Structure formats: structure tokens, C-alpha cells
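The file data06.pdb contains PDB, C-alpha atoms:
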ATOM      1  CA  MET E  28       0.000   0.000   0.000
ATOM      2  CA  PRO E  29       1.615   3.347  -1.057
ATOM      3  CA  VAL E  30       2.375   5.707   1.851
ATOM      4  CA  PHE E  31       2.735   9.471   1.540
ATOM      5  CA  LEU E  32       4.449  11.946   3.871
ATOM      6  CA  GLY E  33       3.143  15.484   4.396
ATOM      7  CA  ILE E  34       4.942  18.413   6.054
ATOM      8  CA  ASP E  35       3.508  21.813   6.995
ATOM      9  CA  THR E  36       5.416  24.549   8.837
ATOM     10  CA  SER E  37       2.835  27.306   9.170
ATOM     11  CA  ASN E  38       3.056  30.487  11.204
ATOM     12  CA  TYR E  39       1.776  28.773  14.362
ATOM     13  CA  THR E  40       2.160  24.979  14.052
ATOM     14  CA  THR E  41       4.807  22.425  13.130
ATOM     15  CA  SER E  42       2.986  19.473  11.573
ATOM     16  CA  THR E  43       3.788  16.132   9.922
ATOM     17  CA  ALA E  44       1.487  13.391   8.621
ATOM     18  CA  LEU E  45       1.453   9.995   6.936
ATOM     19  CA  TYR E  46      -1.369   8.939   4.615
ATOM     20  CA  ASP E  47      -2.348   5.739   2.889
ATOM     21  CA  SER E  48      -5.747   4.887   1.456
ATOM     22  CA  GLU E  49      -6.223   1.866   3.728
ATOM     23  CA  SER E  50      -5.123   3.160   7.152
ATOM     24  CA  GLY E  51      -6.022   6.812   6.607
ATOM     25  CA  ILE E  52      -4.065   9.688   8.143
ATOM     26  CA  VAL E  53      -1.767   9.751  11.157
ATOM     27  CA  GLN E  54      -0.357  13.119  12.154
ATOM     28  CA  ARG E  55       1.876  14.717  14.759
ATOM     29  CA  LYS E  56       1.870  18.451  15.355
ATOM     30  CA  LYS E  57       2.934  21.033  17.894
ATOM     31  CA  LEU E  58       2.098  24.700  18.345
ATOM     32  CA  LEU E  59       4.928  27.186  18.190
ATOM     33  CA  PRO E  60       5.596  28.797  21.602
ATOM     34  CA  VAL E  61       4.317  32.346  22.076
ATOM     35  CA  LYS E  62       5.177  34.374  25.174
ATOM     36  CA  SER E  63       2.319  35.294  27.495
ATOM     37  CA  GLY E  64       0.719  38.624  26.556
ATOM     38  CA  GLU E  65       1.970  38.572  22.969
ATOM     39  CA  ARG E  66      -0.340  38.322  19.951
ATOM     40  CA  GLY E  67       1.841  36.390  17.528
ATOM     41  CA  LEU E  68       5.346  35.558  16.350
ATOM     42  CA  ARG E  69       7.869  37.312  14.188
ATOM     43  CA  GLN E  70       8.766  35.235  11.156
ATOM     44  CA  SER E  71      12.377  34.927  12.359
ATOM     45  CA  ASP E  72      11.116  33.380  15.610
ATOM     46  CA  ALA E  73       8.723  31.075  13.743
ATOM     47  CA  VAL E  74      11.560  29.835  11.536
ATOM     48  CA  PHE E  75      13.751  29.184  14.606
ATOM     49  CA  HIS E  76      11.047  27.244  16.460
ATOM     50  CA  HIS E  77      10.173  25.138  13.391
ATOM     51  CA  THR E  78      13.850  24.241  13.047
ATOM     52  CA  GLN E  79      13.761  23.003  16.660
ATOM     53  CA  GLN E  80      10.398  21.232  16.516
ATOM     54  CA  LEU E  81      10.308  19.597  13.077
ATOM     55  CA  PRO E  82      12.859  16.845  13.916
ATOM     56  CA  GLN E  83      10.846  15.949  17.015
ATOM     57  CA  MET E  84       7.578  15.736  15.048
ATOM     58  CA  MET E  85       9.254  13.582  12.390
ATOM     59  CA  GLU E  86      10.708  11.260  15.035
ATOM     60  CA  GLU E  87       7.321  10.836  16.718
ATOM     61  CA  LEU E  88       5.523  10.302  13.415
ATOM     62  CA  LEU E  89       7.968   7.717  12.094
ATOM     63  CA  SER E  90       8.519   5.891  15.390
ATOM     64  CA  GLY E  91       7.561   2.301  14.716
ATOM     65  CA  PHE E  92       7.025   2.913  10.993
ATOM     66  CA  ASP E  93       9.061   0.414   8.989
ATOM     67  CA  GLY E  94       7.437   0.773   5.584
ATOM     68  CA  LYS E  95       8.408   2.671   2.447
ATOM     69  CA  ILE E  96       7.414   6.270   1.753
ATOM     70  CA  ASP E  97       6.412   6.651  -1.891
ATOM     71  CA  ALA E  98       6.346  10.460  -2.160
ATOM     72  CA  VAL E  99       6.793  13.591  -0.043
ATOM     73  CA  GLY E 100       4.388  16.526  -0.035
ATOM     74  CA  VAL E 101       4.964  19.928   1.568
ATOM     75  CA  SER E 102       3.302  23.321   1.882
ATOM     76  CA  SER E 103       5.683  25.778   0.228
ATOM     77  CA  ARG E 104       3.546  28.954   0.285
ATOM     78  CA  PRO E 105       0.484  30.369   2.044
ATOM     79  CA  ARG E 106      -1.871  30.554  -0.971
ATOM     80  CA  ASP E 107      -2.044  29.759  -4.673
ATOM     81  CA  VAL E 108      -1.481  33.318  -5.858
ATOM     82  CA  GLU E 109       1.556  34.921  -7.444
ATOM     83  CA  GLY E 110       4.015  36.264  -4.885
ATOM     84  CA  SER E 111       2.520  34.348  -1.953
ATOM     85  CA  TYR E 112       5.391  33.790   0.474
ATOM     86  CA  MET E 113       6.187  33.448   4.162
ATOM     87  CA  PRO E 114       9.644  32.501   5.503
ATOM     88  CA  CYS E 115       8.251  29.899   7.913
ATOM     89  CA  PHE E 116       7.345  27.603   5.002
ATOM     90  CA  THR E 117      10.985  27.415   3.896
ATOM     91  CA  VAL E 118      11.756  25.195   6.917
ATOM     92  CA  GLY E 119       9.338  22.500   5.797
ATOM     93  CA  LEU E 120      10.320  22.874   2.150
ATOM     94  CA  SER E 121      14.028  22.450   2.942
ATOM     95  CA  ALA E 122      13.358  19.321   4.997
ATOM     96  CA  ALA E 123      11.084  17.880   2.302
ATOM     97  CA  ARG E 124      13.684  18.447  -0.401
ATOM     98  CA  CYS E 125      16.314  16.663   1.690
ATOM     99  CA  LEU E 126      14.013  13.711   2.391
ATOM    100  CA  SER E 127      12.950  13.445  -1.242
ATOM    101  CA  ALA E 128      16.573  13.398  -2.406
ATOM    102  CA  ALA E 129      17.694  10.929   0.261
ATOM    103  CA  MET E 130      14.820   8.499  -0.354
ATOM    104  CA  LYS E 131      14.827   9.059  -4.144
ATOM    105  CA  VAL E 132      11.067   9.655  -4.214
ATOM    106  CA  PRO E 133       9.023  12.438  -5.867
ATOM    107  CA  LEU E 134       8.456  15.775  -4.124
ATOM    108  CA  TYR E 135       5.159  17.645  -4.559
ATOM    109  CA  THR E 136       4.550  21.188  -3.327
ATOM    110  CA  PHE E 137       1.175  22.699  -2.417
ATOM    111  CA  SER E 138      -0.151  25.829  -0.800
ATOM    112  CA  HIS E 139      -1.009  25.850   2.896
ATOM    113  CA  GLN E 140      -4.540  26.905   1.940
ATOM    114  CA  SER E 141      -4.972  23.925  -0.405
ATOM    115  CA  GLY E 142      -3.903  21.673   2.443
ATOM    116  CA  HIS E 143      -6.615  23.149   4.653
ATOM    117  CA  ILE E 144      -9.252  22.598   1.973
ATOM    118  CA  ALA E 145      -8.191  18.999   1.375
ATOM    119  CA  ALA E 146      -8.025  18.204   5.107
ATOM    120  CA  ALA E 147     -11.508  19.634   5.597
ATOM    121  CA  ALA E 148     -12.955  17.599   2.723
ATOM    122  CA  TYR E 149     -11.203  14.467   3.991
ATOM    123  CA  SER E 150     -12.378  14.813   7.580
ATOM    124  CA  ALA E 151     -15.915  15.686   6.440
ATOM    125  CA  GLY E 152     -15.939  12.324   4.645
ATOM    126  CA  ASN E 153     -16.448  13.951   1.254
ATOM    127  CA  THR E 154     -13.247  14.078  -0.796
ATOM    128  CA  GLN E 155     -15.508  13.862  -3.860
ATOM    129  CA  LEU E 156     -15.961  17.596  -3.326
ATOM    130  CA  LEU E 157     -12.465  18.108  -4.722
ATOM    131  CA  SER E 158     -13.684  16.962  -8.125
ATOM    132  CA  GLU E 159     -16.585  19.423  -8.387
ATOM    133  CA  ARG E 160     -17.180  23.150  -8.120
ATOM    134  CA  PHE E 161     -17.716  24.435  -4.583
ATOM    135  CA  LEU E 162     -17.111  27.382  -2.283
ATOM    136  CA  ALA E 163     -14.423  27.049   0.390
ATOM    137  CA  PHE E 164     -13.886  29.329   3.360
ATOM    138  CA  HIS E 165     -10.416  29.396   4.936
ATOM    139  CA  VAL E 166     -10.787  31.183   8.256
ATOM    140  CA  SER E 167      -7.750  31.485  10.528
ATOM    141  CA  GLY E 168      -5.353  33.929  12.145
ATOM    142  CA  GLY E 169      -3.552  34.463   8.856
ATOM    143  CA  THR E 170      -6.432  34.238   6.376
ATOM    144  CA  THR E 171     -10.110  35.074   6.154
ATOM    145  CA  GLU E 172     -10.979  34.251   2.608
ATOM    146  CA  ALA E 173     -13.523  32.488   0.446
ATOM    147  CA  VAL E 174     -12.384  30.812  -2.761
ATOM    148  CA  LEU E 175     -14.196  29.207  -5.656
ATOM    149  CA  VAL E 176     -12.754  25.732  -6.074
ATOM    150  CA  SER E 177     -12.858  24.034  -9.464
ATOM    151  CA  PRO E 178     -11.504  20.601 -10.449
ATOM    152  CA  ASP E 179      -8.226  20.486 -12.342
ATOM    153  CA  LYS E 180      -6.792  17.032 -13.023
ATOM    154  CA  GLU E 181      -3.163  18.098 -13.180
ATOM    155  CA  MET E 182      -3.231  20.408 -10.132
ATOM    156  CA  ILE E 183      -5.986  18.407  -8.330
ATOM    157  CA  PHE E 184      -8.081  21.549  -7.982
ATOM    158  CA  ARG E 185      -7.851  25.243  -8.789
ATOM    159  CA  THR E 186      -8.800  28.056  -6.416
ATOM    160  CA  ASP E 187      -9.921  31.555  -7.351
ATOM    161  CA  ILE E 188     -10.408  34.206  -4.668
ATOM    162  CA  ALA E 189     -14.076  35.155  -4.345
ATOM    163  CA  ALA E 190     -13.986  37.317  -1.203
ATOM    164  CA  GLY E 191     -11.834  38.175   1.768
ATOM    165  CA  THR E 192     -11.221  40.557   4.640
ATOM    166  CA  LEU E 193     -10.327  44.192   4.061
ATOM    167  CA  ASP E 194      -8.644  44.564   7.465
ATOM    168  CA  LEU E 195      -8.416  41.986  10.265
ATOM    169  CA  ASN E 196      -8.565  38.237   9.861
ATOM    170  CA  ALA E 197     -11.132  36.436  12.018
ATOM    171  CA  GLY E 198      -8.417  34.665  14.005
ATOM    172  CA  GLN E 199      -6.666  37.992  14.597
ATOM    173  CA  LEU E 200      -9.890  39.440  15.971
ATOM    174  CA  ILE E 201     -10.315  36.478  18.327
ATOM    175  CA  ASP E 202      -6.712  36.670  19.506
ATOM    176  CA  ARG E 203      -6.777  40.443  20.015
ATOM    177  CA  VAL E 204      -9.944  40.253  22.071
ATOM    178  CA  GLY E 205      -8.570  37.297  24.040
ATOM    179  CA  VAL E 206      -5.217  38.953  24.794
ATOM    180  CA  MET E 207      -7.082  42.117  25.809
ATOM    181  CA  MET E 208      -8.817  40.009  28.484
ATOM    182  CA  GLY E 209      -5.588  38.326  29.617
ATOM    183  CA  LEU E 210      -5.959  35.004  27.789
ATOM    184  CA  ASP E 211      -2.963  33.076  26.478
ATOM    185  CA  PHE E 212      -2.222  33.278  22.750
ATOM    186  CA  PRO E 213      -3.599  31.676  20.619
ATOM    187  CA  CYS E 214      -6.915  32.412  22.315
ATOM    188  CA  GLY E 215      -9.480  30.439  20.307
ATOM    189  CA  ARG E 216     -10.081  27.560  22.715
ATOM    190  CA  GLU E 217     -10.210  29.702  25.848
ATOM    191  CA  LEU E 218     -12.487  32.214  24.147
ATOM    192  CA  GLU E 219     -14.850  29.440  23.083
ATOM    193  CA  LYS E 220     -15.010  28.115  26.666
ATOM    194  CA  LEU E 221     -15.865  31.579  27.966
ATOM    195  CA  ALA E 222     -18.501  32.105  25.279
ATOM    196  CA  SER E 223     -20.077  28.722  26.083
ATOM    197  CA  ALA E 224     -20.578  29.897  29.674
ATOM    198  CA  CYS E 225     -22.336  33.129  28.643
ATOM    199  CA  THR E 226     -26.008  33.148  29.643
ATOM    200  CA  VAL E 227     -26.904  36.384  27.822
ATOM    201  CA  ARG E 228     -27.413  36.157  24.054
ATOM    202  CA  GLN E 229     -25.047  38.517  22.245
ATOM    203  CA  LYS E 230     -25.999  40.222  18.996
ATOM    204  CA  GLY E 231     -23.016  40.391  16.697
ATOM    205  CA  ARG E 232     -22.755  42.644  13.693
ATOM    206  CA  ALA E 233     -21.363  42.218  10.186
ATOM    207  CA  THR E 234     -19.833  44.845   7.921
ATOM    208  CA  LEU E 235     -19.571  43.941   4.242
ATOM    209  CA  LYS E 236     -18.385  45.840   1.198
ATOM    210  CA  GLY E 237     -19.706  43.774  -1.664
ATOM    211  CA  CYS E 238     -18.780  40.227  -0.637
ATOM    212  CA  ASP E 239     -15.686  41.326   1.322
ATOM    213  CA  CYS E 240     -15.774  41.839   5.079
ATOM    214  CA  CYS E 241     -14.371  44.297   7.617
ATOM    215  CA  LEU E 242     -13.708  43.098  11.173
ATOM    216  CA  SER E 243     -11.904  46.010  12.830
ATOM    217  CA  GLY E 244     -15.273  47.455  13.880
ATOM    218  CA  ALA E 245     -16.020  44.217  15.747
ATOM    219  CA  GLU E 246     -12.763  44.613  17.682
ATOM    220  CA  ASN E 247     -13.764  48.133  18.689
ATOM    221  CA  LEU E 248     -17.226  46.892  19.699
ATOM    222  CA  CYS E 249     -15.737  44.188  21.944
ATOM    223  CA  ARG E 250     -13.211  46.592  23.464
ATOM    224  CA  ARG E 251     -15.913  49.118  24.352
ATOM    225  CA  ALA E 252     -18.096  46.398  25.879
ATOM    226  CA  TYR E 253     -15.197  45.183  28.036
ATOM    227  CA  GLU E 254     -14.260  48.698  29.141
ATOM    228  CA  ASP E 255     -17.925  49.370  29.995
ATOM    229  CA  GLY E 256     -17.961  46.437  32.421
ATOM    230  CA  ALA E 257     -19.174  43.472  30.378
ATOM    231  CA  SER E 258     -17.962  40.118  31.710
ATOM    232  CA  LYS E 259     -15.310  38.089  29.920
ATOM    233  CA  GLU E 260     -17.986  35.549  29.048
ATOM    234  CA  GLU E 261     -20.161  38.225  27.450
ATOM    235  CA  VAL E 262     -17.275  39.771  25.501
ATOM    236  CA  ALA E 263     -16.141  36.349  24.255
ATOM    237  CA  ALA E 264     -19.681  35.537  23.102
ATOM    238  CA  LEU E 265     -19.968  38.946  21.428
ATOM    239  CA  CYS E 266     -16.698  38.431  19.574
ATOM    240  CA  LEU E 267     -17.708  35.012  18.240
ATOM    241  CA  ALA E 268     -21.179  36.310  17.356
ATOM    242  CA  CYS E 269     -19.551  38.990  15.183
ATOM    243  CA  VAL E 270     -17.401  36.402  13.400
ATOM    244  CA  GLU E 271     -20.377  34.100  12.918
ATOM    245  CA  LYS E 272     -22.618  36.847  11.553
ATOM    246  CA  THR E 273     -19.864  38.067   9.236
ATOM    247  CA  LEU E 274     -19.233  34.621   7.769
ATOM    248  CA  CYS E 275     -22.961  34.028   7.320
ATOM    249  CA  ALA E 276     -23.300  37.341   5.475
ATOM    250  CA  MET E 277     -20.322  36.541   3.227
ATOM    251  CA  ARG E 278     -21.688  33.073   2.501
ATOM    252  CA  ASP E 279     -25.131  34.403   1.557
ATOM    253  CA  ALA E 280     -23.696  37.161  -0.650
ATOM    254  CA  LEU E 281     -21.413  34.737  -2.486
ATOM    255  CA  LEU E 282     -24.108  32.126  -3.076
ATOM    256  CA  GLU E 283     -26.403  34.833  -4.418
ATOM    257  CA  LYS E 284     -23.642  36.025  -6.759
ATOM    258  CA  HIS E 285     -22.320  32.656  -7.957
ATOM    259  CA  GLY E 286     -25.318  30.357  -7.549
ATOM    260  CA  GLU E 287     -26.039  27.475  -5.222
ATOM    261  CA  MET E 288     -23.177  25.076  -4.522
ATOM    262  CA  PRO E 289     -21.689  23.171  -1.577
ATOM    263  CA  VAL E 290     -19.792  25.236   1.013
ATOM    264  CA  LEU E 291     -16.751  23.874   2.839
ATOM    265  CA  PHE E 292     -15.395  25.544   5.977
ATOM    266  CA  ALA E 293     -11.740  25.095   6.949
ATOM    267  CA  GLY E 294      -9.093  26.833   9.042
ATOM    268  CA  GLY E 295      -8.393  27.114  12.749
ATOM    269  CA  VAL E 296     -11.376  29.347  13.526
ATOM    270  CA  MET E 297     -13.678  26.693  12.087
ATOM    271  CA  SER E 298     -12.775  24.304  14.901
ATOM    272  CA  ASN E 299     -15.243  26.397  16.931
ATOM    273  CA  ARG E 300     -18.388  24.293  17.281
ATOM    274  CA  LEU E 301     -20.528  27.230  18.431
ATOM    275  CA  MET E 302     -20.584  28.688  14.911
ATOM    276  CA  ARG E 303     -21.441  25.583  12.953
ATOM    277  CA  GLU E 304     -25.201  25.506  13.455
ATOM    278  CA  LYS E 305     -25.728  29.005  12.047
ATOM    279  CA  LEU E 306     -23.292  28.489   9.179
ATOM    280  CA  SER E 307     -25.092  25.265   8.209
ATOM    281  CA  GLN E 308     -28.440  26.989   7.761
ATOM    282  CA  GLY E 309     -29.578  27.698   4.217
ATOM    283  CA  CYS E 310     -26.818  25.831   2.387
ATOM    284  CA  MET E 311     -25.136  22.465   1.856
ATOM    285  CA  ALA E 312     -22.329  22.948   4.389
ATOM    286  CA  TYR E 313     -19.369  20.750   5.301
ATOM    287  CA  PHE E 314     -16.952  21.247   8.198
ATOM    288  CA  ALA E 315     -13.588  19.802   9.078
ATOM    289  CA  GLU E 316     -13.347  17.963  12.372
ATOM    290  CA  PRO E 317     -11.432  20.043  14.963
ATOM    291  CA  GLU E 318      -8.154  18.101  14.625
ATOM    292  CA  PHE E 319      -8.251  18.786  10.878
ATOM    293  CA  SER E 320      -9.445  22.391  11.158
ATOM    294  CA  ALA E 321      -6.411  23.975  12.765
ATOM    295  CA  ASP E 322      -3.111  24.026  10.859
ATOM    296  CA  ASN E 323      -2.078  20.507   9.911
ATOM    297  CA  ALA E 324      -0.089  18.445   7.432
ATOM    298  CA  ALA E 325      -2.939  15.977   6.931
ATOM    299  CA  GLY E 326      -4.295  17.699   3.836
ATOM    300  CA  ILE E 327      -0.798  17.976   2.376
ATOM    301  CA  ALA E 328      -0.209  14.224   2.819
ATOM    302  CA  TYR E 329      -3.581  13.478   1.213
ATOM    303  CA  LEU E 330      -2.940  15.798  -1.748
ATOM    304  CA  CYS E 331       0.494  14.226  -2.161
ATOM    305  CA  GLY E 332      -1.151  10.823  -2.547
ATOM    306  CA  VAL E 333      -3.763  12.091  -5.003
ATOM    307  CA  LYS E 334      -1.209  13.873  -7.178
ATOM    308  CA  HIS E 335       1.202  10.927  -7.122
ATOM    309  CA  ASN E 336      -1.556   8.529  -8.170
ATOM    310  CA  ASN E 337      -2.762  10.927 -10.886
ATOM    311  CA  LYS E 338       0.743  11.096 -12.329
ATOM    312  CA  ALA E 339       1.152   7.324 -12.142
ATOM    313  CA  GLY E 340      -2.162   6.869 -13.916
ATOM    314  CA  SER E 341      -1.166   9.221 -16.735
ATOM    315  CA  CYS E 342       2.098   7.400 -17.466
TER     316      CYS E 342
END
Represent the structure contained in this file as C-alpha cells.
Amino acid sequence: MPVFLGIDTSNYTTSTALYDSESGIVQRKKLLPVKSGERGLRQSDAVFHHTQQLPQMMEELLSGFDGKIDAVGVSSRPRDVEGSYMPCFTVGLSAARCLSAAMKVPLYTFSHQSGHIAAAAYSAGNTQLLSERFLAFHVSGGTTEAVLVSPDKEMIFRTDIAAGTLDLNAGQLIDRVGVMMGLDFPCGRELEKLASACTVRQKGRATLKGCDCCLSGAENLCRRAYEDGASKEEVAALCLACVEKTLCAMRDALLEKHGEMPVLFAGGVMSNRLMREKLSQGCMAYFAEPEFSADNAAGIAYLCGVKHNNKAGSC
């Protein structure tokens, strides 16, 4: 059974994964350390921490594995657009190139965003989505974007940007509000726990320009509420309500513009279960399971297998 290795060194997580069509996906990942009170990492720090953590993740992943790896896949860029680049991805790419050369197996590169989309489709039990036209949301600390996904046999699928944020990303909003209240970065899980404990329904707001969104107003709204004496639970619920309402508004605007189609939600913010019910209403929605929502190499390993098999089939 062919086995495929995936590597992803994103801005916040070092991740490795093995995939084969019989056993599925096994992955090992670790968040990059962020000092208390800070809202992110400089790229130089991210590169340093990946260099320290990637060997450990590889050792854990391959411990006990005595098979043959047939191809290596890696995320080499944030998105599939010209000029897309972040230094942190060079760590994974360098390691993948070394492994590919040492093992004399093919190397396939993908965007981090494509990995998120593939991981979401895989964990939702619907990889058939990747062979049809659908709308995919990638919602994280580094991206808040909706893309139109179309099948492309050579590249597996093609993505075209349909909408995005004009200021803050949804994950940035969540982290800024969380850090403001003294939570540890990244703040998504703690913020969700606080919001779950809120007994007062919070009315979020959405600001759209066409199909694009603006989230800086939501940050100001949450800050004012906190300064006016709202509890942490209420502010957390307000923050997530703003994100939820914004994504719902973007979804509705895009489906009206492009026609009905399935909608796939991926990215770290989409591990939040509180938002799923609203986002499922009025459309055919699919969500990644939490372990496949946050940054991961699972989608990269899966795409590596698909592309390798496509190439083998065309020979």
C-alpha cells in the first residue's frame, strides 16, 4: 500500500502526517511557543522554532514505521497566488527536499490553503468535493478568505479568490480580544469556553463591502463592551457572534452572486463548534473535524497521494 508523507510549517504549528488509502491519516503536530501577553510571532522566531520542533515531530511520526514512503508533499507557500510567500514555510520545504533526495522519491509542493481545503474535505468524509465546483472558506489567524474551487486534473483543484477581509482576519480578531482580556495566545479555545458559559445572548454585527468583510469594527465593539464592564464571558460571546454573523453574510452574498453550490469551511477558527449551526443553515455545508481544522499536514499528505496517483495513472 503506497504511503505518503506530508509536512507543513505554518506560522503557528509544526505538523507532519502519513497517509495511505487503507489506514487513513496519522499526524503529529505542535504549536509554536508564544510568550504570554503577545499576539503572535515574528517570522524569524517562527523559523527558529520550526527548526527546533520539526525533527521531534518527524521522530514521533515515524517511530515504529518500517514501511516505504512513496512520495513527499509539503506546503511551500500560504496561498495559490503569485508572490505568496512566508519565511516559515521554507523550513518544511528544505526538509522535504532533503528527504525526497535521500529516499529518491518524488516531491510535490502545495499551498497551505490547499492543504486546509483537502483536510476539511477528507475529515468531512467527502473528498468527492475536490472533483466538483464548490465554495471554500479558509478562516484562521492568517487568512479570512472564500475561494471558488474548481476541479483540475493536473493540479488536483484550482482556487480563485471570491472574497476576503479588508482589514483583520477572524483569528486575529479572536486573539486580540482574548489577549485584551488576559488570555494566552492563541486564544481560540479559551475564548470558546468563555462564550459557552455566557447566559446572555449577544448580537453580533457584520460589515460587508460587496462580498468582502471588515472586522476592525467588531474589535472596537468588543473593546468598548469590556471597558464598559461586560464580563469576559459576554465579551467572548460577542466576539464570536460577530465572526459568525460576518461569515454568514459573506456566505449568503457569495451564493447569491455565484449560484447554489456546496460550502466547505476550513481553518483554525472553524474548529469552533458554536458557529457551525448558524453556518449550516440555508446551504449544503461541510466542516472539518477540529483536529483537521487547525493548521495541519494531513491535507498535504492526502494531496500528495492524489497527485502521485494521478501522475502514475497518466504514465
Atom-to-atom span, atom CA of Asp97 of chain E and atom CA of Thr78 of chain E, Å |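 The value is 24.2 Å.
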Closest pair table for segment 203-317 of chain E residues within 12 Å of segment 129-140 of chain E, only C-alpha atoms, as a tab-separated table:
residue	atom	partner	partner_atom	distance
E:Phe292	CA	E:Gln140	CA	11.7
E:Ala293	CA	E:Gln140	CA	9.0
E:Gly294	CA	E:Gln140	CA	8.4
E:Gly295	CA	E:Gln140	CA	11.5
Closest atom pairs, residues of segment 86-180 of chain E within 12 Å of segment 184-200 of chain E, all atoms listed in the file, as a tab-separated table:
residue	atom	partner	partner_atom	distance
E:Arg106	CA	E:Thr186	CA	9.2
E:Asp107	CA	E:Thr186	CA	7.2
E:Val108	CA	E:Asp187	CA	8.8
E:Glu109	CA	E:Asp187	CA	12.0
E:Phe137	CA	E:Phe184	CA	10.9
E:Ser138	CA	E:Thr186	CA	10.6
E:Gln140	CA	E:Thr186	CA	9.4
E:Ser141	CA	E:Thr186	CA	8.2
E:Gly142	CA	E:Phe184	CA	11.2
E:Ile144	CA	E:Thr186	CA	10.0
E:Ala145	CA	E:Phe184	CA	9.7
E:Thr154	CA	E:Phe184	CA	11.6
E:Gln155	CA	E:Phe184	CA	11.5
E:Leu156	CA	E:Phe184	CA	10.0
E:Leu157	CA	E:Phe184	CA	6.5
E:Ser158	CA	E:Phe184	CA	7.2
E:Glu159	CA	E:Phe184	CA	8.8
E:Arg160	CA	E:Phe184	CA	9.2
E:Phe161	CA	E:Thr186	CA	9.8
E:Leu162	CA	E:Ala189	CA	8.6
E:Ala163	CA	E:Thr186	CA	8.9
E:Phe164	CA	E:Ala190	CA	9.2
E:His165	CA	E:Gly191	CA	9.4
E:Val166	CA	E:Ala197	CA	6.5
E:Ser167	CA	E:Gly198	CA	4.8
E:Gly168	CA	E:Gly198	CA	3.7
E:Gly169	CA	E:Asn196	CA	6.4
E:Thr170	CA	E:Asn196	CA	5.7
E:Thr171	CA	E:Asn196	CA	5.1
E:Glu172	CA	E:Gly191	CA	4.1
E:Ala173	CA	E:Ala190	CA	5.1
E:Val174	CA	E:Ile188	CA	4.4
E:Leu175	CA	E:Asp187	CA	5.2
E:Val176	CA	E:Thr186	CA	4.6
E:Ser177	CA	E:Arg185	CA	5.2
E:Pro178	CA	E:Phe184	CA	4.3
E:Asp179	CA	E:Phe184	CA	4.5
E:Lys180	CA	E:Phe184	CA	6.9
Might you pull out every residue within 7 Å of Ala222 of chain E, with only C-alpha atoms counted and same-chain residues fewer than 3 positions away left off, and present them as a VMD selection string?
-> chain E and resid 218 to 219 225 260 to 261 263 to 264
If you measure from atom CA of Arg232 of chain E to atom CA of Cys269 of chain E, what distance in Å do you get, rounded to one decimal?
->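 That distance, rounded to one decimal, is 5.1 Å.
Across the model, the gap from atom CA of Phe212 of chain E to atom CA of Ser63 of chain E is 6.9 Å.
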Would you list the contacts of Pro60 of chain E as a short mmCIF file (atom, residue, chain, number, x, y, z; two decimals) with C-alpha atoms, keeping the file's coordinate frame, taking every protein, DNA or RNA residue within 12 Å and counting only C-alpha atoms, but skipping same-chain residues closer than 4 positions in sequence?
data_model
loop_
_atom_site.label_atom_id
_atom_site.label_comp_id
_atom_site.auth_asym_id
_atom_site.auth_seq_id
_atom_site.Cartn_x
_atom_site.Cartn_y
_atom_site.Cartn_z
CA ASN E 38 3.06 30.49 11.20
CA TYR E 39 1.78 28.77 14.36
CA THR E 40 2.16 24.98 14.05
CA THR E 41 4.81 22.42 13.13
CA GLU E 65 1.97 38.57 22.97
CA ARG E 66 -0.34 38.32 19.95
CA GLY E 67 1.84 36.39 17.53
CA LEU E 68 5.35 35.56 16.35
CA ARG E 69 7.87 37.31 14.19
CA ASP E 72 11.12 33.38 15.61
CA ALA E 73 8.72 31.08 13.74
CA VAL E 74 11.56 29.84 11.54
CA PHE E 75 13.75 29.18 14.61
CA HIS E 76 11.05 27.24 16.46
CA HIS E 77 10.17 25.14 13.39
CA GLN E 79 13.76 23.00 16.66
CA GLN E 80 10.40 21.23 16.52
CA ASP E 211 -2.96 33.08 26.48
CA PHE E 212 -2.22 33.28 22.75
CA PRO E 213 -3.60 31.68 20.62
#
Give, as AutoDock Vina command-line options, the centre coordinates and the x, y and z edge lengths in Å to one decimal for an axis-aligned box around all listed atoms of segment 217-220 of chain E, padded by 4 Å on each side.
--center_x -12.6 --center_y 30.2 --center_z 24.9 --size_x 12.8 --size_y 12.1 --size_z 11.6
Resolved residues for the PyMOL selection byres ((chain E and resi 44) around 9) as a PDB file with C-alpha atoms, keeping the file's coordinate frame:
ATOM      1  CA  PHE E  31       2.735   9.471   1.540  1.00  0.00           C
ATOM      2  CA  LEU E  32       4.449  11.946   3.871  1.00  0.00           C
ATOM      3  CA  GLY E  33       3.143  15.484   4.396  1.00  0.00           C
ATOM      4  CA  ILE E  34       4.942  18.413   6.054  1.00  0.00           C
ATOM      5  CA  ASP E  35       3.508  21.813   6.995  1.00  0.00           C
ATOM      6  CA  SER E  42       2.986  19.473  11.573  1.00  0.00           C
ATOM      7  CA  THR E  43       3.788  16.132   9.922  1.00  0.00           C
ATOM      8  CA  LEU E  45       1.453   9.995   6.936  1.00  0.00           C
ATOM      9  CA  TYR E  46      -1.369   8.939   4.615  1.00  0.00           C
ATOM     10  CA  ILE E  52      -4.065   9.688   8.143  1.00  0.00           C
ATOM     11  CA  VAL E  53      -1.767   9.751  11.157  1.00  0.00           C
ATOM     12  CA  GLN E  54      -0.357  13.119  12.154  1.00  0.00           C
ATOM     13  CA  ARG E  55       1.876  14.717  14.759  1.00  0.00           C
ATOM     14  CA  LYS E  56       1.870  18.451  15.355  1.00  0.00           C
ATOM     15  CA  MET E  85       9.254  13.582  12.390  1.00  0.00           C
ATOM     16  CA  LEU E  88       5.523  10.302  13.415  1.00  0.00           C
ATOM     17  CA  ASN E 323      -2.078  20.507   9.911  1.00  0.00           C
ATOM     18  CA  ALA E 324      -0.089  18.445   7.432  1.00  0.00           C
ATOM     19  CA  ALA E 325      -2.939  15.977   6.931  1.00  0.00           C
ATOM     20  CA  GLY E 326      -4.295  17.699   3.836  1.00  0.00           C
ATOM     21  CA  ILE E 327      -0.798  17.976   2.376  1.00  0.00           C
ATOM     22  CA  ALA E 328      -0.209  14.224   2.819  1.00  0.00           C
ATOM     23  CA  TYR E 329      -3.581  13.478   1.213  1.00  0.00           C
TER      24      TYR E 329
END
Taking the file as shown, find all residues satisfying the PyMOL selection byres ((chain E and resi 245) around 8) and write them as a ChimeraX atom specification.
-> /E:200,232-233,242-244,246-249,266,269
Give the answer as one residue: which of E:Ile96, E:Leu267, E:Leu291, E:Met113 has the shortest atom-to-atom distance to Ala148 of chain E, using only C-alpha atoms?
->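 Distance minimum relative to Ala148 of chain E lands on E:Leu291.
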Rank nothing, just name the residue among E:Gly231, E:Pro114, E:Pro317, E:Gly152 nearest to Ala276 of chain E, using all atoms listed in the file.
->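 Closest to Ala276 of chain E, using all atoms listed in the file: E:Gly231.
When only C-alpha atoms are used to compute distances to Leu58 of chain E, the closest of the residues E:His143, E:Met208, E:Ala257, E:Met84 turns out to be E:Met84.
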